[in-house]
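First comes the structure, then the notes that go with it.
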Number of protein chains: 2
Amino acid sequence: MRKIKCVLSYDGTNFSGYQIQPKKRTIQGELEKALYKIHKGRPIRVHASGRTDTGVHAQGQTIHFETDYQLSNYNWKKAMNTLLPDDIYIKDVIEAPDRFHSRYDVIEKEYHYYIWNTKETDVFKRNYAYLFPYPLDIKAMQEACRYFEGLHDFTTFSSAKATVRGSKNRNLYEVTCNKNGHEIEFIFRGSGFLYNMVRIIVGTLLDVGQGKLEPSAIQDLLESKDRRLVGETVPPQGLYLWQVKYEDKDSSE
Amino acid sequence: MRKIKCVLSYDGTNFSGYQIQPKKRTIQGELEKALYKIHKGRPIRVHASGRTDTGVHAQGQTIHFETDYQLSNYNWKKAMNTLLPDDIYIKDVIEAPDRFHSRYDVIEKEYHYYIWNTKETDVFKRNYAYLFPYPLDIKAMQEACRYFEGLHDFTTFSSAKATVRGSKNRNLYEVTCNKNGHEIEFIFRGSGFLYNMVRIIVGTLLDVGQGKLEPSAIQDLLESKDRRLVGETVPPQGLYLWQVKYEDKDSSE
């Protein structure tokens, strides 16, 4: 058996998220359907670095699967892209070492969140950014970003629905925010992320940007471990799984 | 009766073009549905500067309608945007003089066409540009653009299906082509355009860009008046109706 690792992008707009579900159009569902065809009717299970929700996009999701087929990396890429719908694209294929696992071996994930910040709606952005019409204080948000960096217990900033057992400690290596014209880009790099964590942090940063919250209040919020104290979860269409990094040099991008 | 002029944008992806048709989702259909609601069940006919095909976008389509309702420009805009779906957006509303007509009074139209020119597919561009993976000679295309500028009979570059009677002379004020990263932008400004004219011209420019045609051959093609001699009609999703200009200062943007 060979282990095939793929880096892929998808436009999440017309998917009910990553994870396979009966009667829903999902990214995993489409990937497994394509591999089923390649393997002439044999089901192939696909494993991802993690799920993404309905409407969330990916520039660099990573998956793997096992196969006894022998194709070159180039031919895997070509075969899969031929069979996949046009809102999923396999960017890169590599044969990974046997011990590689796309979920358990992650050492770093990067997410981006985009806000389109102007009073006038842009119909071409509606599925690809959060259209936010109110003025935002970028400097205050940038200052608040720094409080999220480092090792923290992120209980306050994870979904109440989250069922993760064990530690809610995560190490964020980078939390930044920049404005380019009407576009505000948030970048998050970290050891891992809790469910809805990026979208809850961005919601809180928007409260800071609107003057509802002082940047320095973030520290107390982290310590409170109380989800009810913080902002709205911002909508999914601004969120992109940007990149997943692995330790093993052989299997990294 | 008052004449209301609106400038609007739309994402053409999920529409069967501009013109109203039974059982199809069209831009005109959605506009008339919204106005029907505002007028409490009275049908209102909408007139546009021209139609756009399935998948074609608009940054600045112009329409008008007649009404006996008295609303401020701001309130027309607000009422219409509240009732319209999120892939149509009214950018600007102005009360126009009685003699104004969105179609007959056009003095200039501007179209843009976008090509995403790289071997790797970008899932986020697929509905908003033509993904063209082959190398293109931009300088040759720029040279070819100049042959289209000025007053010409554009029979060669109009759809064989076109049923326009009368002159096929059109005056193009600007035909340009520029590359920015992977994006190639074509700009067309002219007195008017025949059916499919922009998409056939871009198809021909791509032939030039691939070395299949010399830039200077454009002159002979224009003179031939033979549609069969020229390139493919490029797909609709790269095309944007960018702006419509009118003579009357009172009713222009």
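Here's how to read the names in the structure tokens: chain A, B, ... by the order shown, residue numbers from 1 in each chain, ligand numbers from 1 in the order shown.
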Which residues are close to A:Pro135, i.e. within 12 Å by only C-alpha atoms, leaving aside same-chain residues fewer than 3 positions away? Reply as a ChimeraX atom specification.
/A:115-119,131-132,138,182,184,206-211
Could you list, as a ChimeraX atom specification, the residues of chain B having an atom within 12 Å of chain A when counting only C-alpha atoms?
/B:8-14,57-60,77-78,81-82,84-92,119-129,131,240
Selection export as a short mmCIF file (atom, residue, chain, number, x, y, z; two decimals), in the first residue's frame, atoms kept: C-alpha atoms:
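Full text of out-v5.cif as output:
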```
data_model
loop_
_atom_site.label_atom_id
_atom_site.label_comp_id
_atom_site.auth_asym_id
_atom_site.auth_seq_id
_atom_site.Cartn_x
_atom_site.Cartn_y
_atom_site.Cartn_z
CA LEU B 8 -26.41 48.45 -10.59
CA SER B 9 -23.90 45.65 -10.27
CA TYR B 10 -24.60 41.95 -10.45
CA ASP B 11 -22.78 38.67 -10.22
CA GLY B 12 -24.04 36.91 -13.37
CA THR B 13 -23.07 33.40 -12.16
CA ASN B 14 -26.49 32.27 -11.00
CA HIS B 57 -21.37 40.21 -14.89
CA ALA B 58 -22.03 43.92 -14.45
CA GLN B 59 -20.21 46.57 -12.46
CA GLY B 60 -22.34 49.38 -13.93
CA LYS B 77 -31.89 52.57 -3.25
CA LYS B 78 -32.62 51.27 0.24
CA ASN B 81 -31.58 46.64 -2.07
CA THR B 82 -33.68 45.32 0.81
CA LEU B 84 -33.30 42.26 -4.14
CA PRO B 85 -31.28 39.04 -3.77
CA ASP B 86 -27.66 39.43 -2.66
CA ASP B 87 -26.18 38.94 -6.13
CA ILE B 88 -27.74 42.19 -7.39
CA TYR B 89 -26.85 45.55 -5.83
CA ILE B 90 -28.24 48.99 -6.68
CA LYS B 91 -25.26 51.34 -6.47
CA ASP B 92 -26.88 54.61 -7.41
CA LYS B 119 -1.33 26.59 -15.60
CA GLU B 120 -2.71 26.09 -12.09
CA THR B 121 -6.48 26.45 -11.69
CA ASP B 122 -7.70 28.98 -9.12
CA VAL B 123 -11.08 27.78 -7.82
CA PHE B 124 -11.91 31.32 -6.67
CA LYS B 125 -11.56 32.74 -10.19
CA ARG B 126 -13.53 30.13 -12.13
CA ASN B 127 -16.78 32.15 -12.26
CA TYR B 128 -15.08 35.55 -12.57
CA ALA B 129 -12.43 35.14 -15.27
CA LEU B 131 -8.93 30.35 -16.88
CA TYR B 240 -18.18 42.57 -17.27
#
```
Shell of 12 Å around B:Gly166, only C-alpha atoms, local chain residues under 5 positions omitted, as a list in words:
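Listed by chain and then number, they are Asp153, Thr155 and Leu194 of chain B.
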With DSSP run on the backbone, what are the strand (DSSP E) residues within stretch 7-218 of chain B? I'd like them as a count of residues only.
63
Measuring atom to atom with only C-alpha atoms, identify which of B:Lys24, B:Gln70, B:Val244, B:Leu31 is nearest to B:Thr54.
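Checking each of B:Lys24, B:Gln70, B:Val244, B:Leu31 against B:Thr54, counting only C-alpha atoms, the winner is B:Lys24.
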Residue contacts of stretch 172-180 of chain B (12 Å, only C-alpha atoms) excluding same-chain residues fewer than 2 positions away, as a short mmCIF file (atom, residue, chain, number, x, y, z; two decimals) with all heavy atoms, in the first residue's frame:
```cif
data_model
loop_
_atom_site.label_atom_id
_atom_site.label_comp_id
_atom_site.auth_asym_id
_atom_site.auth_seq_id
_atom_site.Cartn_x
_atom_site.Cartn_y
_atom_site.Cartn_z
N ILE B 107 -24.40 56.86 -25.02
CA ILE B 107 -23.40 57.39 -25.95
C ILE B 107 -22.10 56.60 -25.90
O ILE B 107 -21.29 56.64 -26.80
CB ILE B 107 -23.11 58.90 -25.75
CG1 ILE B 107 -22.68 59.18 -24.32
CG2 ILE B 107 -24.32 59.74 -26.15
CD1 ILE B 107 -21.99 60.52 -24.17
N GLU B 108 -21.90 55.86 -24.81
CA GLU B 108 -20.68 55.06 -24.72
C GLU B 108 -20.90 53.91 -23.74
O GLU B 108 -21.52 54.08 -22.70
CB GLU B 108 -19.54 55.94 -24.20
CG GLU B 108 -18.19 55.23 -24.22
CD GLU B 108 -17.07 56.11 -23.65
OE1 GLU B 108 -16.91 57.25 -24.11
OE2 GLU B 108 -16.38 55.63 -22.73
N LYS B 109 -20.35 52.76 -24.13
CA LYS B 109 -20.37 51.61 -23.21
C LYS B 109 -18.94 51.14 -22.99
O LYS B 109 -18.11 51.20 -23.90
CB LYS B 109 -21.17 50.45 -23.80
CG LYS B 109 -22.65 50.52 -23.50
CD LYS B 109 -23.31 49.24 -23.96
CE LYS B 109 -24.77 49.23 -23.54
NZ LYS B 109 -25.42 47.99 -23.98
N GLU B 110 -18.69 50.65 -21.78
CA GLU B 110 -17.37 50.09 -21.47
C GLU B 110 -17.54 48.66 -20.97
O GLU B 110 -18.34 48.40 -20.07
CB GLU B 110 -16.69 50.96 -20.40
CG GLU B 110 -15.29 50.48 -20.03
CD GLU B 110 -14.56 51.47 -19.12
OE1 GLU B 110 -14.86 52.68 -19.16
OE2 GLU B 110 -13.70 51.01 -18.35
N TYR B 111 -16.78 47.76 -21.58
CA TYR B 111 -16.73 46.36 -21.13
C TYR B 111 -15.30 46.02 -20.71
O TYR B 111 -14.34 46.53 -21.28
CB TYR B 111 -17.11 45.41 -22.28
CG TYR B 111 -18.58 45.35 -22.61
CD1 TYR B 111 -19.12 46.13 -23.62
CD2 TYR B 111 -19.43 44.49 -21.92
CE1 TYR B 111 -20.48 46.07 -23.94
CE2 TYR B 111 -20.78 44.42 -22.23
CZ TYR B 111 -21.30 45.21 -23.23
OH TYR B 111 -22.63 45.13 -23.54
N HIS B 112 -15.19 45.16 -19.71
CA HIS B 112 -13.88 44.59 -19.37
C HIS B 112 -13.98 43.07 -19.56
O HIS B 112 -15.04 42.49 -19.36
CB HIS B 112 -13.51 44.87 -17.90
CG HIS B 112 -13.18 46.31 -17.64
ND1 HIS B 112 -12.48 46.72 -16.53
CD2 HIS B 112 -13.45 47.44 -18.34
CE1 HIS B 112 -12.34 48.03 -16.56
NE2 HIS B 112 -12.92 48.50 -17.63
N TYR B 113 -12.85 42.48 -19.95
CA TYR B 113 -12.78 41.02 -20.01
C TYR B 113 -11.53 40.57 -19.25
O TYR B 113 -10.44 41.11 -19.47
CB TYR B 113 -12.75 40.51 -21.46
CG TYR B 113 -13.05 39.03 -21.53
CD1 TYR B 113 -14.35 38.57 -21.72
CD2 TYR B 113 -12.04 38.09 -21.33
CE1 TYR B 113 -14.64 37.21 -21.72
CE2 TYR B 113 -12.32 36.73 -21.33
CZ TYR B 113 -13.62 36.30 -21.53
OH TYR B 113 -13.91 34.95 -21.53
N TYR B 114 -11.68 39.57 -18.36
CA TYR B 114 -10.56 39.12 -17.53
C TYR B 114 -10.16 37.69 -17.85
O TYR B 114 -11.01 36.80 -17.93
CB TYR B 114 -10.90 39.24 -16.05
CG TYR B 114 -11.00 40.69 -15.65
CD1 TYR B 114 -12.23 41.34 -15.66
CD2 TYR B 114 -9.86 41.41 -15.32
CE1 TYR B 114 -12.31 42.69 -15.34
CE2 TYR B 114 -9.94 42.76 -15.00
CZ TYR B 114 -11.16 43.40 -15.01
OH TYR B 114 -11.22 44.73 -14.71
N ILE B 115 -8.85 37.52 -18.01
CA ILE B 115 -8.29 36.18 -18.20
C ILE B 115 -7.36 35.89 -17.04
O ILE B 115 -6.58 36.77 -16.62
CB ILE B 115 -7.57 36.11 -19.57
CG1 ILE B 115 -8.64 36.04 -20.66
CG2 ILE B 115 -6.62 34.92 -19.63
CD1 ILE B 115 -8.10 36.09 -22.05
N TRP B 116 -7.46 34.69 -16.49
CA TRP B 116 -6.55 34.26 -15.43
C TRP B 116 -5.57 33.30 -16.08
O TRP B 116 -5.92 32.18 -16.43
CB TRP B 116 -7.33 33.61 -14.29
CG TRP B 116 -6.52 33.40 -13.05
CD1 TRP B 116 -6.10 32.22 -12.54
CD2 TRP B 116 -6.05 34.42 -12.15
NE1 TRP B 116 -5.39 32.43 -11.39
CE2 TRP B 116 -5.34 33.77 -11.12
CE3 TRP B 116 -6.16 35.81 -12.12
CZ2 TRP B 116 -4.74 34.46 -10.07
CZ3 TRP B 116 -5.55 36.50 -11.07
CH2 TRP B 116 -4.86 35.83 -10.06
N ASN B 117 -4.34 33.80 -16.31
CA ASN B 117 -3.42 33.12 -17.23
C ASN B 117 -2.30 32.40 -16.47
O ASN B 117 -1.19 32.91 -16.34
CB ASN B 117 -2.84 34.18 -18.19
CG ASN B 117 -1.97 33.56 -19.27
OD1 ASN B 117 -2.19 32.41 -19.69
ND2 ASN B 117 -1.00 34.31 -19.73
N THR B 118 -2.62 31.19 -16.02
CA THR B 118 -1.61 30.35 -15.38
C THR B 118 -2.05 28.90 -15.50
O THR B 118 -3.23 28.60 -15.65
CB THR B 118 -1.41 30.75 -13.90
OG1 THR B 118 -0.69 29.71 -13.23
CG2 THR B 118 -2.74 30.92 -13.18
N LEU B 136 0.91 33.49 -23.30
CA LEU B 136 0.39 34.51 -24.22
C LEU B 136 1.42 35.62 -24.41
O LEU B 136 2.04 36.06 -23.44
CB LEU B 136 -0.91 35.10 -23.67
CG LEU B 136 -2.14 34.18 -23.69
CD1 LEU B 136 -3.26 34.76 -22.84
CD2 LEU B 136 -2.62 33.95 -25.12
N ASP B 137 1.56 36.07 -25.63
CA ASP B 137 2.46 37.18 -25.95
C ASP B 137 1.67 38.49 -25.81
O ASP B 137 0.90 38.87 -26.70
CB ASP B 137 2.97 36.98 -27.39
CG ASP B 137 3.91 38.09 -27.83
OD1 ASP B 137 3.90 39.19 -27.22
OD2 ASP B 137 4.65 37.87 -28.81
N ILE B 138 1.87 39.15 -24.66
CA ILE B 138 1.08 40.34 -24.36
C ILE B 138 1.36 41.46 -25.35
O ILE B 138 0.45 42.15 -25.81
CB ILE B 138 1.36 40.84 -22.91
CG1 ILE B 138 1.01 39.76 -21.89
CG2 ILE B 138 0.57 42.11 -22.61
CD1 ILE B 138 -0.45 39.45 -21.77
N LYS B 139 2.63 41.62 -25.71
CA LYS B 139 2.97 42.71 -26.64
C LYS B 139 2.26 42.55 -27.98
O LYS B 139 1.77 43.52 -28.57
CB LYS B 139 4.49 42.77 -26.85
CG LYS B 139 5.17 43.43 -25.67
CD LYS B 139 6.51 44.05 -26.05
CE LYS B 139 7.06 44.83 -24.86
NZ LYS B 139 8.53 44.81 -24.82
N ALA B 140 2.23 41.31 -28.48
CA ALA B 140 1.54 41.06 -29.76
C ALA B 140 0.05 41.38 -29.63
O ALA B 140 -0.55 41.98 -30.52
CB ALA B 140 1.75 39.62 -30.19
N MET B 141 -0.54 41.01 -28.49
CA MET B 141 -1.97 41.30 -28.29
C MET B 141 -2.20 42.80 -28.20
O MET B 141 -3.19 43.32 -28.72
CB MET B 141 -2.48 40.58 -27.04
CG MET B 141 -2.47 39.06 -27.16
SD MET B 141 -3.57 38.22 -25.98
CE MET B 141 -2.74 38.61 -24.45
N GLN B 142 -1.28 43.51 -27.51
CA GLN B 142 -1.43 44.97 -27.40
C GLN B 142 -1.35 45.63 -28.77
O GLN B 142 -2.10 46.56 -29.07
CB GLN B 142 -0.34 45.53 -26.45
CG GLN B 142 -0.63 45.21 -24.99
CD GLN B 142 0.50 45.54 -24.05
OE1 GLN B 142 1.67 45.49 -24.44
NE2 GLN B 142 0.18 45.84 -22.80
N GLU B 143 -0.46 45.11 -29.61
CA GLU B 143 -0.33 45.65 -30.96
C GLU B 143 -1.62 45.39 -31.74
O GLU B 143 -2.13 46.28 -32.44
CB GLU B 143 0.88 44.99 -31.65
CG GLU B 143 1.33 45.71 -32.90
CD GLU B 143 2.42 44.93 -33.64
OE1 GLU B 143 3.22 44.23 -32.97
OE2 GLU B 143 2.46 45.02 -34.88
N ALA B 144 -2.17 44.18 -31.59
CA ALA B 144 -3.40 43.82 -32.31
C ALA B 144 -4.59 44.68 -31.86
O ALA B 144 -5.45 45.04 -32.65
CB ALA B 144 -3.71 42.34 -32.09
N CYS B 145 -4.61 45.02 -30.55
CA CYS B 145 -5.71 45.83 -30.00
C CYS B 145 -5.91 47.11 -30.81
O CYS B 145 -7.03 47.53 -31.07
CB CYS B 145 -5.44 46.21 -28.54
SG CYS B 145 -5.79 44.88 -27.37
N ARG B 146 -4.78 47.72 -31.20
CA ARG B 146 -4.85 49.03 -31.87
C ARG B 146 -5.63 48.98 -33.19
O ARG B 146 -6.24 49.96 -33.60
CB ARG B 146 -3.44 49.59 -32.11
CG ARG B 146 -2.73 49.98 -30.81
CD ARG B 146 -1.71 51.07 -31.07
NE ARG B 146 -0.81 50.72 -32.16
CZ ARG B 146 0.33 50.05 -32.01
NH1 ARG B 146 0.75 49.66 -30.80
NH2 ARG B 146 1.08 49.77 -33.05
N TYR B 147 -5.59 47.81 -33.87
CA TYR B 147 -6.31 47.68 -35.14
C TYR B 147 -7.83 47.73 -34.96
O TYR B 147 -8.56 47.96 -35.92
CB TYR B 147 -5.92 46.38 -35.85
CG TYR B 147 -4.52 46.41 -36.41
CD1 TYR B 147 -3.45 45.91 -35.67
CD2 TYR B 147 -4.27 46.95 -37.67
CE1 TYR B 147 -2.16 45.94 -36.17
CE2 TYR B 147 -2.98 46.99 -38.18
CZ TYR B 147 -1.92 46.48 -37.43
OH TYR B 147 -0.65 46.52 -37.94
N PHE B 148 -8.29 47.44 -33.75
CA PHE B 148 -9.74 47.46 -33.51
C PHE B 148 -10.25 48.87 -33.20
O PHE B 148 -11.44 49.14 -33.31
CB PHE B 148 -10.11 46.52 -32.35
CG PHE B 148 -9.98 45.06 -32.70
CD1 PHE B 148 -8.91 44.31 -32.23
CD2 PHE B 148 -10.92 44.44 -33.52
CE1 PHE B 148 -8.78 42.96 -32.55
CE2 PHE B 148 -10.80 43.10 -33.85
CZ PHE B 148 -9.73 42.36 -33.36
N GLU B 149 -9.33 49.73 -32.77
CA GLU B 149 -9.76 51.08 -32.40
C GLU B 149 -10.20 51.87 -33.63
O GLU B 149 -9.67 51.68 -34.73
CB GLU B 149 -8.63 51.82 -31.65
CG GLU B 149 -8.38 51.20 -30.27
CD GLU B 149 -7.28 51.89 -29.47
OE1 GLU B 149 -6.41 52.55 -30.09
OE2 GLU B 149 -7.28 51.75 -28.24
N GLY B 150 -11.17 52.78 -33.43
CA GLY B 150 -11.66 53.60 -34.53
C GLY B 150 -12.97 53.07 -35.09
O GLY B 150 -13.55 52.11 -34.56
N LEU B 151 -13.41 53.69 -36.16
CA LEU B 151 -14.69 53.33 -36.79
C LEU B 151 -14.48 52.20 -37.78
O LEU B 151 -13.70 52.32 -38.73
CB LEU B 151 -15.25 54.57 -37.52
CG LEU B 151 -16.62 54.39 -38.17
CD1 LEU B 151 -17.73 54.21 -37.15
CD2 LEU B 151 -16.92 55.60 -39.07
N HIS B 152 -15.18 51.08 -37.54
CA HIS B 152 -15.08 49.92 -38.45
C HIS B 152 -16.44 49.26 -38.60
O HIS B 152 -17.30 49.39 -37.74
CB HIS B 152 -14.12 48.85 -37.86
CG HIS B 152 -12.73 49.33 -37.63
ND1 HIS B 152 -11.81 49.53 -38.65
CD2 HIS B 152 -12.09 49.67 -36.48
CE1 HIS B 152 -10.67 49.96 -38.13
NE2 HIS B 152 -10.81 50.06 -36.82
N ASP B 153 -16.57 48.50 -39.70
CA ASP B 153 -17.69 47.58 -39.84
C ASP B 153 -17.26 46.29 -39.12
O ASP B 153 -16.28 45.65 -39.51
CB ASP B 153 -17.96 47.32 -41.33
CG ASP B 153 -19.12 46.36 -41.54
OD1 ASP B 153 -19.23 45.37 -40.78
OD2 ASP B 153 -19.91 46.59 -42.46
N PHE B 154 -18.00 45.92 -38.07
CA PHE B 154 -17.58 44.78 -37.23
C PHE B 154 -18.30 43.48 -37.57
O PHE B 154 -18.38 42.59 -36.72
CB PHE B 154 -17.72 45.13 -35.75
CG PHE B 154 -16.60 46.00 -35.22
CD1 PHE B 154 -16.73 47.38 -35.14
CD2 PHE B 154 -15.39 45.43 -34.83
CE1 PHE B 154 -15.68 48.18 -34.68
CE2 PHE B 154 -14.34 46.21 -34.36
CZ PHE B 154 -14.49 47.59 -34.29
N ASN B 169 -21.50 49.22 -38.38
CA ASN B 169 -20.40 50.12 -38.03
C ASN B 169 -20.46 50.46 -36.55
O ASN B 169 -21.52 50.77 -36.02
CB ASN B 169 -20.51 51.44 -38.81
CG ASN B 169 -20.12 51.27 -40.27
OD1 ASN B 169 -19.35 50.36 -40.60
ND2 ASN B 169 -20.68 52.10 -41.13
N ARG B 170 -19.31 50.37 -35.92
CA ARG B 170 -19.22 50.80 -34.52
C ARG B 170 -17.90 51.54 -34.36
O ARG B 170 -16.92 51.22 -35.05
CB ARG B 170 -19.27 49.61 -33.55
CG ARG B 170 -20.58 48.83 -33.55
CD ARG B 170 -21.74 49.65 -32.99
NE ARG B 170 -22.99 48.89 -32.90
CZ ARG B 170 -23.85 48.73 -33.92
NH1 ARG B 170 -23.60 49.25 -35.10
NH2 ARG B 170 -24.96 48.03 -33.73
N HIS B 182 -1.03 37.20 -12.72
CA HIS B 182 -1.65 36.21 -13.60
C HIS B 182 -2.86 36.78 -14.35
O HIS B 182 -3.43 36.10 -15.20
CB HIS B 182 -2.10 34.99 -12.80
CG HIS B 182 -0.97 34.20 -12.20
ND1 HIS B 182 0.16 33.89 -12.92
CD2 HIS B 182 -0.80 33.66 -10.97
CE1 HIS B 182 0.98 33.19 -12.15
NE2 HIS B 182 0.44 33.05 -10.96
N GLU B 183 -3.28 37.99 -13.99
CA GLU B 183 -4.51 38.53 -14.57
C GLU B 183 -4.24 39.37 -15.81
O GLU B 183 -3.41 40.26 -15.80
CB GLU B 183 -5.22 39.40 -13.53
CG GLU B 183 -6.54 39.96 -14.02
CD GLU B 183 -7.19 40.84 -12.96
OE1 GLU B 183 -7.90 40.29 -12.10
OE2 GLU B 183 -6.99 42.07 -13.00
N ILE B 184 -4.98 39.06 -16.88
CA ILE B 184 -4.93 39.91 -18.08
C ILE B 184 -6.27 40.62 -18.19
O ILE B 184 -7.33 39.99 -18.14
CB ILE B 184 -4.66 39.09 -19.34
CG1 ILE B 184 -3.30 38.37 -19.20
CG2 ILE B 184 -4.67 39.97 -20.58
CD1 ILE B 184 -3.01 37.40 -20.32
N GLU B 185 -6.21 41.94 -18.28
CA GLU B 185 -7.42 42.76 -18.37
C GLU B 185 -7.53 43.38 -19.75
O GLU B 185 -6.61 44.05 -20.19
CB GLU B 185 -7.36 43.87 -17.30
CG GLU B 185 -8.53 44.82 -17.32
CD GLU B 185 -8.35 45.99 -16.34
OE1 GLU B 185 -7.36 46.76 -16.48
OE2 GLU B 185 -9.17 46.12 -15.43
N PHE B 186 -8.66 43.16 -20.41
CA PHE B 186 -8.96 43.83 -21.66
C PHE B 186 -10.01 44.89 -21.39
O PHE B 186 -11.00 44.62 -20.70
CB PHE B 186 -9.55 42.84 -22.68
CG PHE B 186 -8.60 41.76 -23.11
CD1 PHE B 186 -8.55 40.55 -22.43
CD2 PHE B 186 -7.77 41.94 -24.20
CE1 PHE B 186 -7.68 39.54 -22.82
CE2 PHE B 186 -6.90 40.94 -24.60
CZ PHE B 186 -6.85 39.74 -23.91
N ILE B 187 -9.80 46.10 -21.93
CA ILE B 187 -10.79 47.16 -21.78
C ILE B 187 -11.29 47.58 -23.16
O ILE B 187 -10.48 47.80 -24.07
CB ILE B 187 -10.19 48.38 -21.03
CG1 ILE B 187 -9.78 47.97 -19.60
CG2 ILE B 187 -11.19 49.54 -20.98
CD1 ILE B 187 -9.12 49.08 -18.79
N PHE B 188 -12.59 47.65 -23.29
CA PHE B 188 -13.22 48.08 -24.53
C PHE B 188 -14.16 49.24 -24.23
O PHE B 188 -15.07 49.09 -23.39
CB PHE B 188 -14.08 46.94 -25.13
CG PHE B 188 -13.29 45.74 -25.55
CD1 PHE B 188 -12.97 44.75 -24.63
CD2 PHE B 188 -12.87 45.59 -26.86
CE1 PHE B 188 -12.24 43.64 -25.01
CE2 PHE B 188 -12.14 44.48 -27.25
CZ PHE B 188 -11.82 43.50 -26.33
N ARG B 189 -13.93 50.37 -24.89
CA ARG B 189 -14.89 51.48 -24.80
C ARG B 189 -15.33 51.84 -26.20
O ARG B 189 -14.48 51.98 -27.09
CB ARG B 189 -14.23 52.71 -24.15
CG ARG B 189 -14.06 52.61 -22.64
CD ARG B 189 -13.72 53.95 -22.01
NE ARG B 189 -12.55 54.57 -22.60
CZ ARG B 189 -12.56 55.64 -23.38
NH1 ARG B 189 -13.70 56.26 -23.67
NH2 ARG B 189 -11.44 56.11 -23.90
N GLY B 190 -16.64 51.98 -26.39
CA GLY B 190 -17.10 52.29 -27.75
C GLY B 190 -18.51 52.83 -27.78
O GLY B 190 -19.22 52.83 -26.76
N SER B 191 -18.91 53.25 -28.99
CA SER B 191 -20.24 53.84 -29.18
C SER B 191 -21.32 52.78 -28.99
O SER B 191 -22.46 53.08 -28.66
CB SER B 191 -20.34 54.40 -30.60
OG SER B 191 -20.14 53.35 -31.55
N GLY B 192 -20.96 51.54 -29.21
CA GLY B 192 -21.92 50.45 -29.06
C GLY B 192 -21.23 49.17 -29.49
O GLY B 192 -20.12 49.21 -30.03
N PHE B 193 -21.87 48.05 -29.20
CA PHE B 193 -21.25 46.75 -29.47
C PHE B 193 -22.29 45.81 -30.08
O PHE B 193 -23.43 45.79 -29.63
CB PHE B 193 -20.69 46.15 -28.16
CG PHE B 193 -19.53 46.94 -27.61
CD1 PHE B 193 -19.74 48.07 -26.81
CD2 PHE B 193 -18.22 46.59 -27.91
CE1 PHE B 193 -18.68 48.80 -26.30
CE2 PHE B 193 -17.14 47.32 -27.42
CZ PHE B 193 -17.37 48.43 -26.61
N LEU B 194 -21.88 45.02 -31.06
CA LEU B 194 -22.76 44.00 -31.65
C LEU B 194 -22.80 42.78 -30.73
O LEU B 194 -21.97 42.63 -29.83
CB LEU B 194 -22.24 43.61 -33.04
CG LEU B 194 -22.15 44.77 -34.04
CD1 LEU B 194 -21.32 44.34 -35.26
CD2 LEU B 194 -23.54 45.23 -34.46
N MET B 197 -19.71 40.62 -29.70
CA MET B 197 -18.55 41.28 -30.32
C MET B 197 -17.31 41.27 -29.43
O MET B 197 -16.22 40.91 -29.88
CB MET B 197 -18.95 42.71 -30.70
CG MET B 197 -17.88 43.53 -31.35
SD MET B 197 -18.64 45.08 -31.98
CE MET B 197 -17.27 46.21 -31.74
N VAL B 198 -17.47 41.61 -28.15
CA VAL B 198 -16.31 41.64 -27.25
C VAL B 198 -15.71 40.24 -27.12
O VAL B 198 -14.50 40.05 -27.20
CB VAL B 198 -16.69 42.20 -25.86
CG1 VAL B 198 -15.53 42.04 -24.87
CG2 VAL B 198 -17.09 43.68 -25.96
N ILE B 201 -13.85 39.26 -30.30
CA ILE B 201 -12.58 40.00 -30.42
C ILE B 201 -11.55 39.41 -29.45
O ILE B 201 -10.39 39.18 -29.82
CB ILE B 201 -12.79 41.51 -30.18
CG1 ILE B 201 -13.62 42.14 -31.32
CG2 ILE B 201 -11.43 42.23 -30.06
CD1 ILE B 201 -13.92 43.62 -31.16
N VAL B 202 -11.95 39.15 -28.21
CA VAL B 202 -10.99 38.57 -27.24
C VAL B 202 -10.50 37.21 -27.74
O VAL B 202 -9.31 36.90 -27.67
CB VAL B 202 -11.59 38.48 -25.82
CG1 VAL B 202 -10.65 37.71 -24.88
CG2 VAL B 202 -11.87 39.87 -25.25
N LEU B 205 -7.92 37.91 -30.21
CA LEU B 205 -6.69 38.40 -29.57
C LEU B 205 -5.92 37.25 -28.94
O LEU B 205 -4.68 37.25 -28.93
CB LEU B 205 -7.03 39.48 -28.54
CG LEU B 205 -7.51 40.82 -29.13
CD1 LEU B 205 -8.07 41.73 -28.04
CD2 LEU B 205 -6.37 41.52 -29.88
N LEU B 206 -6.61 36.25 -28.43
CA LEU B 206 -5.92 35.08 -27.87
C LEU B 206 -5.20 34.30 -28.97
O LEU B 206 -4.13 33.73 -28.73
CB LEU B 206 -6.89 34.18 -27.11
CG LEU B 206 -7.48 34.76 -25.81
CD1 LEU B 206 -8.40 33.75 -25.13
CD2 LEU B 206 -6.37 35.20 -24.85
N GLY B 209 -2.12 36.19 -29.39
CA GLY B 209 -1.25 35.96 -28.24
C GLY B 209 -0.54 34.61 -28.30
O GLY B 209 0.52 34.43 -27.71
#
```
Of A:Pro235, A:Pro215, A:Gly17, A:Pro22, the one nearest to A:Asp53 when counting only C-alpha atoms is A:Gly17
